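Visitor: See data-v1.txt below, with compact mmCIF, C-alpha atoms.
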# COMPACT_ATOMS: atom_id res chain seq x y z
CA MET A 1 2.72 24.02 -13.87
CA ARG A 2 1.80 20.87 -12.00
CA THR A 3 3.63 17.84 -13.42
CA LEU A 4 3.21 14.16 -12.74
CA TYR A 5 6.22 12.03 -13.64
CA HIS A 6 4.80 8.62 -14.39
CA LEU A 7 4.81 5.37 -16.32
CA PRO A 8 1.51 4.65 -18.05
CA PHE A 9 1.18 0.99 -17.02
CA LEU A 10 1.96 1.35 -13.30
CA PRO A 11 -1.15 1.26 -11.09
CA SER A 12 0.43 3.63 -8.55
CA CYS A 13 0.72 6.22 -11.36
CA ARG A 14 -2.73 5.51 -12.80
CA LYS A 15 -4.23 6.02 -9.35
CA ALA A 16 -2.57 9.44 -9.01
CA ARG A 17 -3.81 10.41 -12.50
CA LEU A 18 -7.38 9.41 -11.58
CA VAL A 19 -7.22 11.51 -8.41
CA LEU A 20 -5.90 14.53 -10.34
CA GLY A 21 -8.73 14.03 -12.82
CA GLU A 22 -11.48 13.62 -10.19
CA LYS A 23 -10.31 16.84 -8.53
CA ASN A 24 -10.07 18.70 -11.86
CA LEU A 25 -6.48 19.69 -11.13
CA GLU A 26 -4.72 20.87 -14.26
CA HIS A 27 -1.49 18.99 -14.83
CA GLU A 28 0.89 17.72 -17.44
CA LEU A 29 2.11 14.15 -17.62
CA LYS A 30 5.75 13.32 -18.24
CA VAL A 31 6.75 9.73 -18.93
CA GLU A 32 9.87 9.05 -16.85
CA LYS A 33 11.97 6.10 -18.02
CA ILE A 34 13.16 5.30 -14.51
CA TRP A 35 15.55 2.60 -15.73
CA GLU A 36 17.65 5.36 -17.33
CA GLN A 37 18.20 6.86 -13.84
CA ARG A 38 18.20 10.41 -15.19
CA SER A 39 20.18 12.51 -12.70
CA GLU A 40 17.64 15.40 -12.60
CA PHE A 41 14.96 12.87 -11.71
CA VAL A 42 17.00 11.07 -9.04
CA ALA A 43 17.58 14.53 -7.51
CA LEU A 44 13.78 14.79 -7.12
CA ASN A 45 13.36 11.29 -5.72
CA PRO A 46 16.45 9.49 -4.39
CA LEU A 47 14.56 6.19 -4.76
CA GLY A 48 14.32 6.81 -8.52
CA GLU A 49 10.69 5.67 -8.60
CA VAL A 50 7.50 7.05 -10.13
CA PRO A 51 5.04 8.58 -9.55
CA VAL A 52 6.47 11.91 -8.46
CA LEU A 53 4.28 15.01 -8.33
CA SER A 54 5.79 18.45 -8.83
CA GLU A 55 3.39 21.12 -7.58
CA PRO A 56 3.11 24.63 -9.08
CA ASN A 57 4.72 26.04 -5.89
CA GLY A 58 7.75 23.77 -6.36
CA ALA A 59 6.78 21.17 -3.72
CA ILE A 60 7.73 17.60 -4.63
CA ILE A 61 5.53 14.73 -3.47
CA ILE A 62 6.75 11.14 -3.76
CA ASP A 63 4.97 7.73 -3.78
CA GLY A 64 1.58 6.88 -5.26
CA GLN A 65 -0.41 6.58 -2.03
CA VAL A 66 1.37 9.58 -0.45
CA ILE A 67 0.45 11.71 -3.50
CA CYS A 68 -3.20 10.64 -3.22
CA GLU A 69 -3.36 11.40 0.52
CA TYR A 70 -1.64 14.76 -0.09
CA LEU A 71 -4.00 15.73 -2.92
CA ASP A 72 -7.06 14.75 -0.89
CA GLU A 73 -5.92 16.86 2.08
CA THR A 74 -4.72 19.83 0.03
CA TYR A 75 -7.68 20.01 -2.38
CA PRO A 76 -10.59 18.85 -0.21
CA ASP A 77 -13.32 19.42 -2.83
CA GLN A 78 -14.48 16.05 -4.18
CA PRO A 79 -13.04 14.24 -1.14
CA LEU A 80 -11.89 10.70 -1.90
CA ILE A 81 -11.04 9.61 1.67
CA ALA A 82 -14.20 10.96 3.29
CA GLY A 83 -16.27 10.10 6.32
CA ASP A 84 -15.58 9.31 9.98
CA THR A 85 -12.37 7.58 10.99
CA LEU A 86 -13.92 4.10 10.60
CA GLN A 87 -15.16 4.88 7.11
CA ARG A 88 -11.73 6.28 6.20
CA ALA A 89 -10.15 3.09 7.56
CA GLU A 90 -12.47 1.04 5.34
CA ILE A 91 -11.43 3.06 2.28
CA ARG A 92 -7.74 2.65 3.15
CA ARG A 93 -8.21 -1.09 3.86
CA LEU A 94 -9.42 -1.62 0.31
CA VAL A 95 -6.69 0.64 -1.10
CA ALA A 96 -4.10 -1.49 0.72
CA TRP A 97 -5.83 -4.69 -0.48
CA PHE A 98 -5.40 -3.69 -4.12
CA ASP A 99 -1.99 -2.03 -3.80
CA ASN A 100 -0.52 -4.96 -1.85
CA ARG A 101 -2.36 -8.26 -2.27
CA PHE A 102 -3.88 -7.67 -5.72
CA PHE A 103 -0.60 -6.15 -6.91
CA ASN A 104 1.47 -9.13 -5.73
CA GLU A 105 -0.95 -11.81 -6.90
CA VAL A 106 -2.31 -10.30 -10.10
CA THR A 107 -0.73 -7.08 -11.40
CA GLN A 108 2.87 -8.23 -10.98
CA ASN A 109 2.18 -11.62 -12.50
CA LEU A 110 0.41 -10.20 -15.57
CA VAL A 111 1.43 -6.56 -16.17
CA GLY A 112 4.84 -7.14 -14.61
CA GLU A 113 5.56 -10.22 -16.70
CA LYS A 114 4.05 -9.06 -20.00
CA ILE A 115 4.82 -5.33 -20.02
CA THR A 116 7.54 -4.40 -17.49
CA LYS A 117 9.80 -7.31 -18.39
CA ARG A 118 9.54 -6.45 -22.08
CA ILE A 119 10.30 -2.78 -21.59
CA LEU A 120 13.22 -3.50 -19.25
CA ARG A 121 14.46 -6.34 -21.47
CA LEU A 122 14.43 -8.77 -18.56
CA GLY A 123 13.71 -11.80 -20.73
CA GLU A 124 10.64 -13.80 -21.58
CA PRO A 125 7.53 -13.67 -19.39
CA SER A 126 7.24 -16.56 -16.93
CA ILE A 127 4.39 -18.86 -17.96
CA ALA A 128 4.09 -20.03 -14.33
CA ALA A 129 3.69 -16.46 -13.06
CA ILE A 130 1.09 -15.65 -15.72
CA ARG A 131 -0.87 -18.77 -14.76
CA ILE A 132 -0.89 -17.67 -11.09
CA GLY A 133 -2.05 -14.18 -12.12
CA LEU A 134 -4.89 -15.52 -14.29
CA GLU A 135 -6.05 -17.83 -11.50
CA SER A 136 -5.76 -15.27 -8.70
CA ILE A 137 -7.73 -12.57 -10.45
CA ASN A 138 -10.94 -14.59 -10.10
CA TYR A 139 -10.81 -14.58 -6.31
CA HIS A 140 -10.30 -10.82 -6.29
CA LEU A 141 -13.11 -10.21 -8.80
CA GLN A 142 -15.40 -12.33 -6.62
CA TYR A 143 -14.62 -10.12 -3.63
CA LEU A 144 -15.02 -6.97 -5.72
CA SER A 145 -18.40 -8.25 -6.99
CA TYR A 146 -19.49 -8.97 -3.42
CA LEU A 147 -18.63 -5.38 -2.42
CA ALA A 148 -20.25 -3.89 -5.54
CA GLU A 149 -23.47 -5.80 -4.80
CA GLN A 150 -23.63 -4.60 -1.17
CA ARG A 151 -22.67 -0.97 -1.75
CA HIS A 152 -23.02 1.66 -4.45
CA TRP A 153 -19.24 2.02 -4.60
CA LEU A 154 -16.60 -0.33 -3.17
CA ALA A 155 -16.16 1.32 0.23
CA GLY A 156 -19.68 2.74 0.65
CA ASN A 157 -22.15 5.06 -1.00
CA GLN A 158 -19.56 7.53 -2.28
CA LEU A 159 -16.90 7.08 -4.89
CA SER A 160 -13.59 6.86 -3.01
CA LEU A 161 -9.91 6.20 -3.41
CA ALA A 162 -10.78 2.50 -3.04
CA ASP A 163 -12.61 2.55 -6.38
CA LEU A 164 -9.85 4.53 -8.09
CA THR A 165 -7.17 2.18 -6.77
CA ALA A 166 -9.03 -0.95 -7.85
CA ALA A 167 -9.67 0.63 -11.26
CA ALA A 168 -6.01 1.63 -11.59
CA HIS A 169 -4.95 -2.01 -11.24
CA LEU A 170 -7.79 -3.53 -13.23
CA SER A 171 -7.42 -1.08 -16.13
CA ALA A 172 -3.74 -2.01 -16.48
CA VAL A 173 -4.63 -5.72 -16.53
CA ASP A 174 -7.55 -4.98 -18.86
CA TYR A 175 -5.16 -3.42 -21.41
CA LEU A 176 -3.77 -6.92 -21.80
CA GLY A 177 -7.25 -8.44 -22.11
CA ASP A 178 -6.64 -10.54 -18.98
CA VAL A 179 -9.74 -9.59 -16.96
CA PRO A 180 -12.49 -12.26 -17.26
CA TRP A 181 -15.26 -9.67 -17.06
CA ASP A 182 -17.98 -11.92 -18.42
CA GLN A 183 -17.60 -14.32 -15.50
CA HIS A 184 -18.00 -11.49 -12.99
CA PRO A 185 -20.97 -9.36 -14.13
CA SER A 186 -21.25 -7.24 -10.96
CA ALA A 187 -17.58 -6.33 -11.15
CA LYS A 188 -18.07 -5.49 -14.82
CA GLN A 189 -21.04 -3.22 -14.03
CA TRP A 190 -18.91 -1.38 -11.47
CA PHE A 191 -16.01 -1.03 -13.92
CA MET A 192 -18.30 0.31 -16.65
CA ARG A 193 -19.53 3.00 -14.26
CA ILE A 194 -16.02 4.09 -13.35
CA LYS A 195 -14.75 3.87 -16.93
CA CYS A 196 -17.34 6.47 -18.02
CA ARG A 197 -15.95 9.13 -15.69
CA PRO A 198 -14.04 11.99 -17.33
CA SER A 199 -11.03 11.24 -15.08
CA PHE A 200 -10.66 7.92 -16.88
CA ARG A 201 -10.23 9.34 -20.37
CA SER A 202 -6.51 9.92 -20.08
CA LEU A 203 -5.98 6.24 -19.19
CA LEU A 204 -7.96 5.05 -22.20
CA ASN A 205 -5.59 6.89 -24.53
CA ASP A 206 -2.52 5.09 -23.14
CA PHE A 207 -0.57 3.08 -25.63
CA ILE A 208 2.46 0.93 -24.93
CA PRO A 209 4.69 0.69 -28.01
CA GLY A 210 4.82 -2.88 -29.29
CA ILE A 211 1.87 -4.06 -27.17
CA ALA A 212 -1.55 -3.27 -28.63
CA PRO A 213 -4.42 -3.00 -26.15
CA VAL A 214 -7.25 -5.53 -26.18
CA GLU A 215 -10.00 -4.54 -28.62
CA HIS A 216 -12.50 -3.41 -25.97
CA TYR A 217 -9.93 -1.37 -23.97
CA LYS A 218 -11.27 2.01 -25.14
CA ASN A 219 -14.94 1.06 -25.34
CA LEU A 220 -17.08 2.52 -22.58
CA ASP A 221 -19.69 -0.13 -23.32
CA PHE A 222 -17.83 -3.44 -23.65
CA MET B 1 -10.95 -4.47 25.58
CA ARG B 2 -8.75 -3.26 22.73
CA THR B 3 -6.84 -6.17 21.19
CA LEU B 4 -4.04 -6.19 18.63
CA TYR B 5 -3.61 -9.50 16.81
CA HIS B 6 0.03 -9.59 15.81
CA LEU B 7 3.27 -11.43 15.18
CA PRO B 8 6.17 -10.08 17.24
CA PHE B 9 8.76 -9.95 14.43
CA LEU B 10 6.65 -8.25 11.75
CA PRO B 11 7.46 -4.53 11.35
CA SER B 12 3.85 -3.71 10.41
CA CYS B 13 2.79 -5.10 13.82
CA ARG B 14 5.67 -3.47 15.73
CA LYS B 15 4.71 -0.11 14.22
CA ALA B 16 1.10 -0.48 15.41
CA ARG B 17 2.34 -1.44 18.90
CA LEU B 18 4.57 1.65 19.03
CA VAL B 19 1.65 3.89 18.03
CA LEU B 20 -0.60 2.32 20.70
CA GLY B 21 2.21 2.90 23.21
CA GLU B 22 2.89 6.52 22.21
CA LYS B 23 -0.81 7.28 22.54
CA ASN B 24 -1.09 5.47 25.89
CA LEU B 25 -3.96 3.36 24.60
CA GLU B 26 -4.55 0.36 26.82
CA HIS B 27 -4.55 -2.85 24.85
CA GLU B 28 -3.78 -6.52 24.97
CA LEU B 29 -1.59 -8.31 22.45
CA LYS B 30 -2.59 -11.67 20.98
CA VAL B 31 -0.08 -13.58 18.91
CA GLU B 32 -1.93 -14.86 15.84
CA LYS B 33 -0.31 -17.80 14.06
CA ILE B 34 -1.64 -16.74 10.67
CA TRP B 35 -0.33 -19.88 8.94
CA GLU B 36 -2.90 -21.90 10.94
CA GLN B 37 -5.68 -19.89 9.19
CA ARG B 38 -7.90 -19.99 12.29
CA SER B 39 -11.48 -19.55 11.07
CA GLU B 40 -12.42 -16.95 13.74
CA PHE B 41 -9.46 -14.87 12.62
CA VAL B 42 -10.16 -15.20 8.89
CA ALA B 43 -13.69 -13.99 9.68
CA LEU B 44 -12.10 -10.79 11.06
CA ASN B 45 -9.74 -10.34 8.10
CA PRO B 46 -10.44 -12.28 4.90
CA LEU B 47 -6.80 -11.74 3.88
CA GLY B 48 -5.71 -13.71 6.97
CA GLU B 49 -2.95 -11.20 7.73
CA VAL B 50 -1.79 -9.41 10.87
CA PRO B 51 -1.92 -6.83 12.34
CA VAL B 52 -5.64 -6.58 13.05
CA LEU B 53 -6.95 -4.17 15.69
CA SER B 54 -10.15 -4.93 17.53
CA GLU B 55 -11.45 -1.77 19.19
CA PRO B 56 -13.44 -1.72 22.47
CA ASN B 57 -16.58 -0.74 20.49
CA GLY B 58 -16.20 -3.81 18.27
CA ALA B 59 -14.72 -2.02 15.24
CA ILE B 60 -12.13 -4.05 13.34
CA ILE B 61 -9.24 -2.25 11.64
CA ILE B 62 -6.99 -4.11 9.19
CA ASP B 63 -3.46 -3.47 7.85
CA GLY B 64 -0.49 -1.90 9.66
CA GLN B 65 -0.51 1.50 7.98
CA VAL B 66 -4.32 1.71 8.02
CA ILE B 67 -4.31 1.00 11.78
CA CYS B 68 -1.72 3.76 12.36
CA GLU B 69 -3.68 6.31 10.28
CA TYR B 70 -6.89 5.31 12.07
CA LEU B 71 -5.35 5.61 15.55
CA ASP B 72 -3.82 8.98 14.71
CA GLU B 73 -7.16 10.35 13.48
CA THR B 74 -9.26 8.80 16.24
CA TYR B 75 -6.96 9.65 19.17
CA PRO B 76 -5.41 12.95 18.08
CA ASP B 77 -3.46 13.58 21.29
CA GLN B 78 0.24 12.97 20.63
CA PRO B 79 -0.25 13.32 16.87
CA LEU B 80 2.16 11.24 14.83
CA ILE B 81 1.18 12.53 11.35
CA ALA B 82 1.14 16.22 12.26
CA GLY B 83 1.70 19.48 10.42
CA ASP B 84 0.54 20.98 7.15
CA THR B 85 -0.17 18.78 4.16
CA LEU B 86 3.43 19.00 2.90
CA GLN B 87 4.84 17.99 6.29
CA ARG B 88 2.35 15.11 6.44
CA ALA B 89 3.46 14.05 2.96
CA GLU B 90 7.09 14.07 4.15
CA ILE B 91 6.17 11.82 7.10
CA ARG B 92 4.27 9.45 4.83
CA ARG B 93 7.09 9.47 2.24
CA LEU B 94 9.49 8.12 4.86
CA VAL B 95 6.91 5.65 6.16
CA ALA B 96 6.53 4.33 2.61
CA TRP B 97 10.33 4.27 2.17
CA PHE B 98 10.75 1.93 5.13
CA ASP B 99 7.61 -0.14 4.60
CA ASN B 100 8.34 -0.71 0.91
CA ARG B 101 12.00 -0.22 -0.09
CA PHE B 102 13.66 -1.02 3.25
CA PHE B 103 11.25 -3.94 3.73
CA ASN B 104 12.02 -5.45 0.31
CA GLU B 105 15.77 -4.86 0.43
CA VAL B 106 16.55 -5.43 4.10
CA THR B 107 13.77 -6.75 6.34
CA GLN B 108 12.63 -9.50 3.98
CA ASN B 109 16.20 -10.62 3.24
CA LEU B 110 17.18 -10.82 6.92
CA VAL B 111 14.10 -11.21 9.14
CA GLY B 112 12.20 -13.01 6.39
CA GLU B 113 15.01 -15.47 5.72
CA LYS B 114 16.15 -16.06 9.29
CA ILE B 115 12.91 -15.88 11.27
CA THR B 116 9.84 -16.24 9.03
CA LYS B 117 11.25 -19.14 7.01
CA ARG B 118 12.17 -20.99 10.20
CA ILE B 119 8.75 -20.51 11.78
CA LEU B 120 6.91 -21.50 8.60
CA ARG B 121 9.33 -24.39 7.95
CA LEU B 122 10.06 -23.10 4.47
CA GLY B 123 13.58 -24.49 4.41
CA GLU B 124 17.03 -23.05 4.99
CA PRO B 125 17.67 -19.31 4.73
CA SER B 126 19.10 -18.22 1.38
CA ILE B 127 22.72 -17.13 1.80
CA ALA B 128 22.38 -14.94 -1.32
CA ALA B 129 19.34 -13.12 0.11
CA ILE B 130 21.08 -12.56 3.45
CA ARG B 131 24.11 -11.11 1.66
CA ILE B 132 21.86 -8.66 -0.22
CA GLY B 133 20.19 -7.68 3.05
CA LEU B 134 23.50 -7.06 4.85
CA GLU B 135 24.79 -4.97 1.96
CA SER B 136 21.60 -2.97 1.42
CA ILE B 137 21.20 -1.95 5.06
CA ASN B 138 24.27 0.32 4.82
CA TYR B 139 22.72 2.50 2.14
CA HIS B 140 19.56 2.90 4.22
CA LEU B 141 21.51 3.67 7.40
CA GLN B 142 23.46 6.32 5.50
CA TYR B 143 20.23 7.98 4.45
CA LEU B 144 18.80 7.66 7.96
CA SER B 145 22.01 9.24 9.38
CA TYR B 146 21.72 12.09 6.89
CA LEU B 147 18.15 12.77 8.03
CA ALA B 148 19.06 12.45 11.73
CA GLU B 149 21.88 14.97 11.30
CA GLN B 150 19.63 17.54 9.57
CA ARG B 151 16.60 17.22 11.79
CA HIS B 152 15.78 16.38 15.40
CA TRP B 153 13.63 13.45 14.27
CA LEU B 154 13.53 11.81 10.83
CA ALA B 155 10.73 13.88 9.29
CA GLY B 156 11.27 17.12 11.22
CA ASN B 157 11.40 18.50 14.74
CA GLN B 158 8.68 16.26 16.11
CA LEU B 159 8.66 12.53 16.66
CA SER B 160 6.41 11.08 13.94
CA LEU B 161 5.19 7.87 12.39
CA ALA B 162 8.33 7.99 10.21
CA ASP B 163 10.51 7.38 13.29
CA LEU B 164 8.24 4.64 14.60
CA THR B 165 8.16 2.89 11.22
CA ALA B 166 11.94 3.02 10.79
CA ALA B 167 12.37 1.78 14.37
CA ALA B 168 9.87 -1.03 13.80
CA HIS B 169 11.97 -2.38 10.94
CA LEU B 170 15.37 -1.73 12.49
CA SER B 171 14.41 -3.26 15.85
CA ALA B 172 13.37 -6.49 14.12
CA VAL B 173 16.69 -6.61 12.24
CA ASP B 174 18.52 -5.62 15.43
CA TYR B 175 17.07 -8.67 17.23
CA LEU B 176 19.21 -10.72 14.84
CA GLY B 177 22.29 -8.54 15.48
CA ASP B 178 22.37 -7.55 11.80
CA VAL B 179 22.45 -3.75 12.16
CA PRO B 180 26.02 -2.37 11.80
CA TRP B 181 25.38 0.43 14.31
CA ASP B 182 29.04 1.24 14.93
CA GLN B 183 29.56 2.20 11.29
CA HIS B 184 26.60 4.61 11.43
CA PRO B 185 26.93 6.64 14.66
CA SER B 186 24.22 9.22 13.83
CA ALA B 187 21.72 6.49 13.12
CA LYS B 188 22.74 4.81 16.37
CA GLN B 189 22.20 8.02 18.36
CA TRP B 190 18.73 8.34 16.85
CA PHE B 191 17.92 4.70 17.64
CA MET B 192 19.10 5.08 21.26
CA ARG B 193 16.74 8.02 21.70
CA ILE B 194 13.76 6.12 20.37
CA LYS B 195 14.67 2.93 22.24
CA CYS B 196 14.41 4.80 25.56
CA ARG B 197 10.76 5.68 25.02
CA PRO B 198 8.21 3.81 27.16
CA SER B 199 6.39 2.71 23.98
CA PHE B 200 9.45 0.65 23.07
CA ARG B 201 9.48 -1.52 26.20
CA SER B 202 7.01 -4.06 24.92
CA LEU B 203 9.22 -4.71 21.86
CA LEU B 204 12.32 -5.25 24.00
CA ASN B 205 10.59 -8.10 25.81
CA ASP B 206 9.86 -9.98 22.57
CA PHE B 207 11.37 -13.42 22.33
CA ILE B 208 11.21 -15.76 19.38
CA PRO B 209 11.46 -19.40 20.51
CA GLY B 210 14.62 -20.99 19.21
CA ILE B 211 16.21 -17.69 18.14
CA ALA B 212 17.92 -15.79 20.95
CA PRO B 213 18.21 -12.01 20.49
CA VAL B 214 21.63 -10.39 20.07
CA GLU B 215 23.22 -9.57 23.44
CA HIS B 216 22.58 -5.80 23.23
CA TYR B 217 18.94 -6.13 22.11
CA LYS B 218 17.49 -5.12 25.49
CA ASN B 219 20.19 -2.61 26.45
CA LEU B 220 19.06 1.00 26.23
CA ASP B 221 22.73 2.01 26.13
CA PHE B 222 24.43 -0.30 23.65
Can you present the structure in this file as structure tokens?

Guide:
Amino acid sequence: MRTLYHLPFLPSCRKARLVLGEKNLEHELKVEKIWEQRSEFVALNPLGEVPVLSEPNGAIIIDGQVICEYLDETYPDQPLIAGDTLQRAEIRRLVAWFDNRFFNEVTQNLVGEKITKRILRLGEPSIAAIRIGLESINYHLQYLSYLAEQRHWLAGNQLSLADLTAAAHLSAVDYLGDVPWDQHPSAKQWFMRIKCRPSFRSLLNDFIPGIAPVEHYKNLDF
Amino acid sequence: MRTLYHLPFLPSCRKARLVLGEKNLEHELKVEKIWEQRSEFVALNPLGEVPVLSEPNGAIIIDGQVICEYLDETYPDQPLIAGDTLQRAEIRRLVAWFDNRFFNEVTQNLVGEKITKRILRLGEPSIAAIRIGLESINYHLQYLSYLAEQRHWLAGNQLSLADLTAAAHLSAVDYLGDVPWDQHPSAKQWFMRIKCRPSFRSLLNDFIPGIAPVEHYKNLDF
């Protein structure tokens, strides 16, 4: 059986789940409490991080982006990094934008402060960090809106890993109710389209004990 | 003309330079003082970050890893992400290891504190951060030694982007004299082999005003 070791609120894991879903690859999900440093898990990944993908043939793939590249190369139906080398670079540019800049400015400051810190018992969330996250998200939603107005999907006419990566981050922030959708209608339209996809269903059923999702989290029409 | 906008001490830029060198792609280097936020440069990359590659046909490629993937796909001679999809995942796993974990634990704490902070006038280096960097590097050099003892190059029998990425980080730290090579002889042997390659020459001529490199920085036999 194919198994993805994951944590439900980490965008790198959500991205891998969306790719598995888009490619209709059967899999089971195992929540891995990485802070417990379970020895069988550290044997799979010496870094002790999720996501880790265990393939039916026993192959172990480590790191969110590496898993996505591997899945796209190994199961080329429904390609998510498609096109000529320039188009592929555009997809990867946006993936890197969300996984690096958006992660540092938004995801870490909101999901990291409100969810990760609580689970790891690292103390109270930093009000200053949350303020930076809530301010920064507007700039990113403006850029996302600009892309969504120019193109059918973020990197071009086809759904790509860029959309899934952006949605992986935004859905985690959305759980907290921290995405100002109403101020960014084009971004909201794009998110509604991606939220309707069958690959998204698994994410909508996520529940973090002690932290209820925002009321509209599960609604496809919000 | 092909142009790489870069900063000499950033591993993401050094990695792109090594790939350009391995593929014998003629190019010119332009140092981009990103903190000046030059408007012509921000027009190329709205994130204002280096490296940025400007191709002879006018195409603009952004982000260190994206540039490397693009160059490897566009100029497939001397492939640096070669092999079946599992082998490619192993190369990318090690690339991610150095660009994420090694960067956060070592490069940021040493190069970030001693070079970046000085250039950006962000104050004195943090002694605590430097101590973490000097301690952490040993764990990474142990793992690198383990790989170099099992395999001819880090990801297998062929030189790959994993070697160039590791060398990009280690060469920046080595400029400061902060790599304890003598305690890690297998890692040192590997680094001597990669340092001899013509692609490395451009890095050995780097000079950061006000910070002299360690005495052995330019020596191929150190």

Visitor: For Leu10 in chain A, please output as a PyMOL selection string all residues within 8 Å (counting all atoms listed in the file; exclusion window: fewer than 3 positions along the same chain).

Guide: chain A and resi 6-7+13-14+169+172

Visitor: Work out where the centre of an axis-aligned box around every listed atom of range 155-161 of chain A lies and how long its edges are once 8 Å is added on each side; give both in Å to one decimal as AutoDock Vina command-line options.

Guide:
--center_x -16.0 --center_y 4.4 --center_z -2.1 --size_x 28.2 --size_y 22.2 --size_z 21.5

Visitor: Give me, as a tab-separated table, the closest atom pair and its distance (Å, one decimal) for every residue of chain B within a cut-off of 9 Å of chain A, counting all atoms listed in the file, rows sorted by chain and rising number.

Guide:
residue	atom	partner	partner_atom	distance
B:Leu47	CA	A:Arg101	CA	8.3
B:Ala59	CA	A:Leu86	CA	7.7
B:Ile60	CA	A:Leu86	CA	8.8
B:Ile61	CA	A:Ala89	CA	6.8
B:Ile62	CA	A:Arg93	CA	6.2
B:Asp63	CA	A:Arg93	CA	6.6
B:Gln65	CA	A:Ala96	CA	8.6
B:Val66	CA	A:Ala89	CA	6.0
B:Ile67	CA	A:Ala89	CA	7.5
B:Glu69	CA	A:Ala89	CA	7.7
B:Tyr70	CA	A:Ala89	CA	6.0
B:Leu71	CA	A:Thr85	CA	8.6
B:Glu73	CA	A:Thr85	CA	6.4
B:Thr74	CA	A:Thr85	CA	6.2
B:Asp84	CA	A:Thr74	CA	8.9
B:Thr85	CA	A:Tyr70	CA	6.0
B:Leu86	CA	A:Tyr70	CA	7.3
B:Arg88	CA	A:Tyr70	CA	7.7
B:Ala89	CA	A:Tyr70	CA	6.0
B:Glu90	CA	A:Ile61	CA	7.8
B:Arg92	CA	A:Val66	CA	6.0
B:Arg93	CA	A:Ile62	CA	6.2
B:Ala96	CA	A:Asp63	CA	7.4
B:Trp97	CA	A:Leu47	CA	8.3
B:Arg101	CA	A:Leu47	CA	8.3

Visitor: Please measure the separation of CA of Pro209 in chain B and CA of Lys23 in chain B, giving the value in Å to one decimal.

Guide: 29.4 Å

Visitor: Could you check how far CA of Gly21 in chain B sits from CA of Leu220 in chain B, in Å to one decimal?

Guide: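 These atoms are spaced 17.2 Å apart.
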
Visitor: Counting only C-alpha atoms, which residue out of A:Ser12, A:Phe207, A:Ala82, A:Ala128 sits closest to Asn100 in chain A?

Guide: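 Comparing A:Ser12, A:Phe207, A:Ala82, A:Ala128 against Asn100 in chain A, the winner is A:Ser12.
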
Visitor: Suppose you want the space between CA of Leu134 in chain A and CA of Thr107 in chain A; what is it in Å?

Guide: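 Going from CA of Leu134 in chain A over to CA of Thr107 in chain A covers 9.8 Å.
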
Visitor: Within 7 Å of range 200-206 of chain B, counting all atoms listed in the file, which residues qualify if same-chain residues fewer than 5 places away don't, as JSON, numbers by chain?

Guide: {"B": [8, 18, 195, 217, 218]}
